[in-house]
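Visitor: Take a look at this one; I'll ask things after.
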Amino acid sequence: MSTAGTADSIDPLAALRAPGDPEHDVYLTGTVFLDIIFTGLDHAPVRGTETWARGMGSSPGGIANMATALARLGLHTTLAAAFGADVYGDYCWESLATGEGVDLSHSRRLPGWHSPVTVSMAYDGERTMVTHEHPAPPPAGPAAPPPARACVASFEPGRQDDWVRRAHTQGSHVFADVGWDDSGRWDLAALPDLAHAHAFLPNAAEAQRYTRTDTPEQAVRALADLVPIAVVTKGAEGAVAIDSLTGESAEVPGLHVAALDPTGAGDVFVAGFMTGTLAGWPLADRLAFANLTAALSVQHFGGSLAAPGWAEVAAWWALTARQAEDGADCGELVRRYRFLDELIPAGVREWPRLRALPTIGFRGV
């Protein structure tokens, strides 16, 4: 493993880059929402009453969660999405392009189209959401996805996305998750794009239903017969995976943290796993890194703004190593994450950088 840069600009693929490589590491397409998050609620909203929140923030959401998570980990990320020509669209565009360095050359602004908005209320480690969205415009993606090392897809039962096939044909590695099957059929044959997946990352409940198995371990073995890399996430309990390309299998426990808001944690896990996979890390390290990035994200409110960068990873590793030296019972944790020493440049142990201001109310500050 090797990287280059400072904590805020580590390039995990530095050792692999060569002339003629694709301009982009990852291609994404989907819907960008303006997320407005209310925090510090004592309970869920009650009908007929006014509920007070002790905090609030706003950030780009939807596919922007994944784009931000990937960009903050140093992957060259391009997003094809529609943005409303309104103040909300201005904010989301500026936050992604200027604040996060996401390439938006394949995105477009749509005059007269209202940006989708989601209001999320976080309490007791859970969330309740309300969304307003006008009918979606035609797909924002180009006639063919641009060349990229990888792309991210979200499968839905009965739906086939032609861009996924085209990306796969062009040589992009497709990393995919899947949503809940409201039909209750849980039929793998209803996921036609699964044949194009390089890595498939469902959660345990989804994986067990699709494979008709009783445990995440049984489910990942069944999925490994269908895709090169199978990962089953187990929430706070970690993840299990099989990489048939390298012959590796691994199970890594999660990190126990005080979770404030789970919004976007799944996207951050996928981003962390993608980073390690594209960089060629051992499977156990990929899972551990994905667990870590997801755990760091749930300790903050909001979706895209909660995604950690390398500065947050470096700060966590410095604190953990120091606690071990001081006699804290975290020796196993240090052994599991010792690979971070090779990834984070010597001497770089900064505390987290300032994230983007979590509101559209402040501009030019």
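In the structure tokens, chains take the letters A, B, ... in the order shown, each chain's residues start at 1, and ligands count up from 1 in the order shown.
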Fewer than 3 positions away in the same chain doesn't count, so skip those; otherwise give me all residues within 12 Å of Leu255 of chain A, counting only C-alpha atoms, as a list in words.
Guide: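 Counting only the stated atoms, we get Lys234, Gly235, Ala236, Glu237, Gly238, Ala239, Val252, Ala258, Ala259, Leu287, Ala288, Phe289, Ala290, Asn291, Leu292, Thr293, Ala294, Ala295, Leu296, Ser297, Val298, Gln299, Trp316, Cys330, Glu332, Leu333, Arg336 and Tyr337 of chain A.
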Visitor: Dump N, CA, C and O atoms for the selected residues as a short mmCIF file (atom, residue, chain, number, x, y, z; two decimals), in the first residue's frame?
Guide:
```cif
data_model
loop_
_atom_site.label_atom_id
_atom_site.label_comp_id
_atom_site.auth_asym_id
_atom_site.auth_seq_id
_atom_site.Cartn_x
_atom_site.Cartn_y
_atom_site.Cartn_z
N LYS A 234 -23.51 -5.95 8.29
CA LYS A 234 -24.28 -6.33 9.47
C LYS A 234 -24.47 -5.16 10.43
O LYS A 234 -24.58 -5.35 11.64
N GLY A 235 -24.50 -3.95 9.89
CA GLY A 235 -24.71 -2.78 10.73
C GLY A 235 -23.57 -2.61 11.73
O GLY A 235 -22.39 -2.71 11.38
N ALA A 236 -23.92 -2.39 12.98
CA ALA A 236 -22.92 -2.18 14.01
C ALA A 236 -22.08 -3.41 14.28
O ALA A 236 -21.01 -3.32 14.90
N GLU A 237 -22.52 -4.57 13.78
CA GLU A 237 -21.77 -5.81 14.01
C GLU A 237 -20.69 -6.04 12.97
O GLU A 237 -19.96 -7.04 13.04
N GLY A 238 -20.56 -5.16 11.96
CA GLY A 238 -19.49 -5.30 11.00
C GLY A 238 -19.95 -5.83 9.66
O GLY A 238 -21.06 -5.55 9.20
N ALA A 239 -19.11 -6.63 9.02
CA ALA A 239 -19.41 -7.12 7.68
C ALA A 239 -18.63 -8.40 7.41
O ALA A 239 -17.60 -8.68 8.04
N VAL A 252 -15.06 -8.95 9.61
CA VAL A 252 -14.48 -7.91 10.46
C VAL A 252 -15.58 -7.31 11.32
O VAL A 252 -16.64 -6.93 10.80
N ALA A 258 -21.04 5.98 19.58
CA ALA A 258 -22.31 6.62 19.90
C ALA A 258 -22.89 7.18 18.61
O ALA A 258 -22.45 8.22 18.11
N ALA A 259 -23.88 6.49 18.06
CA ALA A 259 -24.46 6.89 16.78
C ALA A 259 -25.49 7.99 16.99
O ALA A 259 -26.43 7.83 17.77
N LEU A 287 -12.60 -4.24 4.40
CA LEU A 287 -13.77 -4.28 5.28
C LEU A 287 -13.57 -3.42 6.51
O LEU A 287 -14.48 -2.69 6.94
N ALA A 288 -12.38 -3.50 7.11
CA ALA A 288 -12.11 -2.71 8.31
C ALA A 288 -12.19 -1.22 8.01
O ALA A 288 -12.76 -0.45 8.78
N PHE A 289 -11.63 -0.80 6.88
CA PHE A 289 -11.66 0.62 6.50
C PHE A 289 -13.09 1.07 6.25
O PHE A 289 -13.49 2.17 6.67
N ALA A 290 -13.88 0.25 5.57
CA ALA A 290 -15.28 0.59 5.32
C ALA A 290 -16.05 0.71 6.63
O ALA A 290 -16.86 1.65 6.82
N ASN A 291 -15.81 -0.21 7.57
CA ASN A 291 -16.45 -0.13 8.88
C ASN A 291 -16.06 1.17 9.59
O ASN A 291 -16.90 1.83 10.22
N LEU A 292 -14.78 1.52 9.51
CA LEU A 292 -14.30 2.72 10.19
C LEU A 292 -14.93 3.98 9.61
O LEU A 292 -15.42 4.84 10.35
N THR A 293 -14.93 4.11 8.29
CA THR A 293 -15.50 5.32 7.69
C THR A 293 -16.99 5.44 8.02
O THR A 293 -17.48 6.54 8.30
N ALA A 294 -17.71 4.32 8.00
CA ALA A 294 -19.13 4.37 8.35
C ALA A 294 -19.32 4.75 9.81
O ALA A 294 -20.22 5.54 10.15
N ALA A 295 -18.49 4.20 10.70
CA ALA A 295 -18.60 4.52 12.12
C ALA A 295 -18.30 5.99 12.39
O ALA A 295 -18.96 6.63 13.23
N LEU A 296 -17.32 6.54 11.70
CA LEU A 296 -17.03 7.96 11.86
C LEU A 296 -18.19 8.82 11.38
O LEU A 296 -18.48 9.88 11.96
N SER A 297 -18.89 8.37 10.35
CA SER A 297 -19.97 9.18 9.78
C SER A 297 -21.18 9.26 10.70
O SER A 297 -21.83 10.31 10.78
N VAL A 298 -21.52 8.18 11.38
CA VAL A 298 -22.75 8.18 12.19
C VAL A 298 -22.59 8.98 13.47
O VAL A 298 -23.57 9.20 14.19
N GLN A 299 -21.40 9.44 13.76
CA GLN A 299 -21.18 10.26 14.95
C GLN A 299 -21.49 11.73 14.69
O GLN A 299 -21.34 12.56 15.58
N TRP A 316 -8.57 9.85 14.10
CA TRP A 316 -9.05 8.68 14.84
C TRP A 316 -7.89 7.72 15.11
O TRP A 316 -7.75 7.20 16.23
N CYS A 330 -7.33 -1.46 24.02
CA CYS A 330 -7.70 -1.38 22.62
C CYS A 330 -6.61 -1.98 21.73
O CYS A 330 -6.43 -1.57 20.58
N GLU A 332 -6.38 -4.97 20.38
CA GLU A 332 -6.89 -5.67 19.21
C GLU A 332 -7.31 -4.68 18.13
O GLU A 332 -7.10 -4.92 16.93
N LEU A 333 -7.87 -3.55 18.55
CA LEU A 333 -8.26 -2.52 17.60
C LEU A 333 -7.03 -1.96 16.87
O LEU A 333 -7.04 -1.76 15.65
N ARG A 336 -5.80 -4.49 14.35
CA ARG A 336 -6.68 -4.57 13.19
C ARG A 336 -6.44 -3.41 12.23
O ARG A 336 -6.54 -3.58 11.00
N TYR A 337 -6.14 -2.22 12.77
CA TYR A 337 -6.01 -1.04 11.92
C TYR A 337 -4.56 -0.58 11.74
O TYR A 337 -4.33 0.53 11.27
#
```
Visitor: Apply DSSP to the structure's backbone, then extract all residues of segment 34-133 of chain A labelled strand (DSSP E) and return them as a ChimeraX atom specification.
Guide: /A:34-39,55-62,77-80,82-84,108-110,117-123,126-132
Visitor: Rank A:Trp180, A:Phe33, A:Ser59, A:Ala197 by their smallest atom-to-atom distance to Glu133 of chain A, using only C-alpha atoms, and report the top residue only.
Guide: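 Among the listed residues, A:Phe33 lies closest to Glu133 of chain A.
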Visitor: Would you mind listing, for every residue of segment 127-195 of chain A within 7 Å of segment 22-31 of chain A, the two atoms forming the shortest contact and the distance between them in Å to one decimal, using only C-alpha atoms, sorted by chain and ascending residue number, as a Markdown table?
Guide:
```
| residue | atom | partner | partner_atom | distance |
| --- | --- | --- | --- | --- |
| A:Gly141 | CA | A:Thr29 | CA | 6.5 |
| A:Pro147 | CA | A:Pro22 | CA | 5.6 |
| A:Ala148 | CA | A:His24 | CA | 4.9 |
| A:Arg149 | CA | A:Asp25 | CA | 4.8 |
| A:Ala150 | CA | A:Val26 | CA | 4.8 |
| A:Cys151 | CA | A:Tyr27 | CA | 4.6 |
| A:Val152 | CA | A:Leu28 | CA | 5.8 |
```
Visitor: Go ahead and write the selection's residues with C-alpha atoms as a compact mmCIF listing (two decimals), in the first residue's frame.
Guide:
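Contents of again03.txt, freshly written:
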```txt
# COMPACT_ATOMS: atom_id res chain seq x y z
CA GLY A 141 -26.54 10.95 -17.79
CA PRO A 147 -14.69 6.02 -18.99
CA ALA A 148 -14.05 5.38 -15.30
CA ARG A 149 -12.33 2.77 -13.17
CA ALA A 150 -15.61 2.06 -11.42
CA CYS A 151 -19.21 3.14 -11.06
CA VAL A 152 -21.86 2.84 -8.39
```
Visitor: DSSP on the backbone, then: every residue of segment 162-242 of chain A marked alpha helix (DSSP H), written as a ChimeraX atom specification.
Guide: /A:162-169,204-211,216-223
Visitor: Go through segment 84-186 of chain A and flag each residue having an atom no more than 10 Å from segment 37-54 of chain A; for those, report the closest pair of atoms plus their distance in Å to one decimal, using only C-alpha atoms, ordered by chain and rising number, as CSV.
Guide:
```
residue,atom,partner,partner_atom,distance
A:Thr118,CA,A:Ile37,CA,8.3
A:Val119,CA,A:Ile37,CA,5.8
A:Ser120,CA,A:Ile37,CA,4.7
A:Met121,CA,A:Phe38,CA,4.9
A:Ala122,CA,A:Thr39,CA,5.3
A:Tyr123,CA,A:Leu41,CA,5.4
A:Asp124,CA,A:His43,CA,7.5
A:Glu126,CA,A:Ala44,CA,9.4
A:Arg127,CA,A:Ala44,CA,8.6
A:Thr128,CA,A:Ala44,CA,7.8
A:Met129,CA,A:Ile37,CA,9.0
```
Visitor: Pick out the closest residue to Tyr91 of chain A from this set: A:Ala307, A:Leu191, A:Leu75, A:Leu34. Count only C-alpha atoms.
Guide: A:Leu34
Visitor: Which of these, A:Ser115, A:Thr211, A:Thr77, A:Ser304, has the shortest distance to Gly264 of chain A once you count only C-alpha atoms?
Guide: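 Answer, going by the shortest atom-to-atom distance: A:Ser304.
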Visitor: Excluding same-chain residues fewer than 6 positions from Ala97 of chain A, what lies within 10 Å of it counting only C-alpha atoms, as a ChimeraX atom specification?
Guide: /A:68,78-79,103-105
Visitor: Using only C-alpha atoms, which of A:Pro308, A:Thr246, A:Gly158, A:Gly84 sits nearest His134 of chain A?
Guide: A:Gly84
Visitor: Ranking A:Ser9, A:Ser154, A:Asn203, A:Gln218 by minimum distance to Phe175 of chain A and counting only C-alpha atoms, which one comes first?
Guide: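 Among A:Ser9, A:Ser154, A:Asn203, A:Gln218, it is A:Ser154 that comes nearest to Phe175 of chain A.
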Visitor: Separation of atom CA of Arg209 of chain A and atom CA of Asp193 of chain A, in Å?
Guide: 18.2 Å
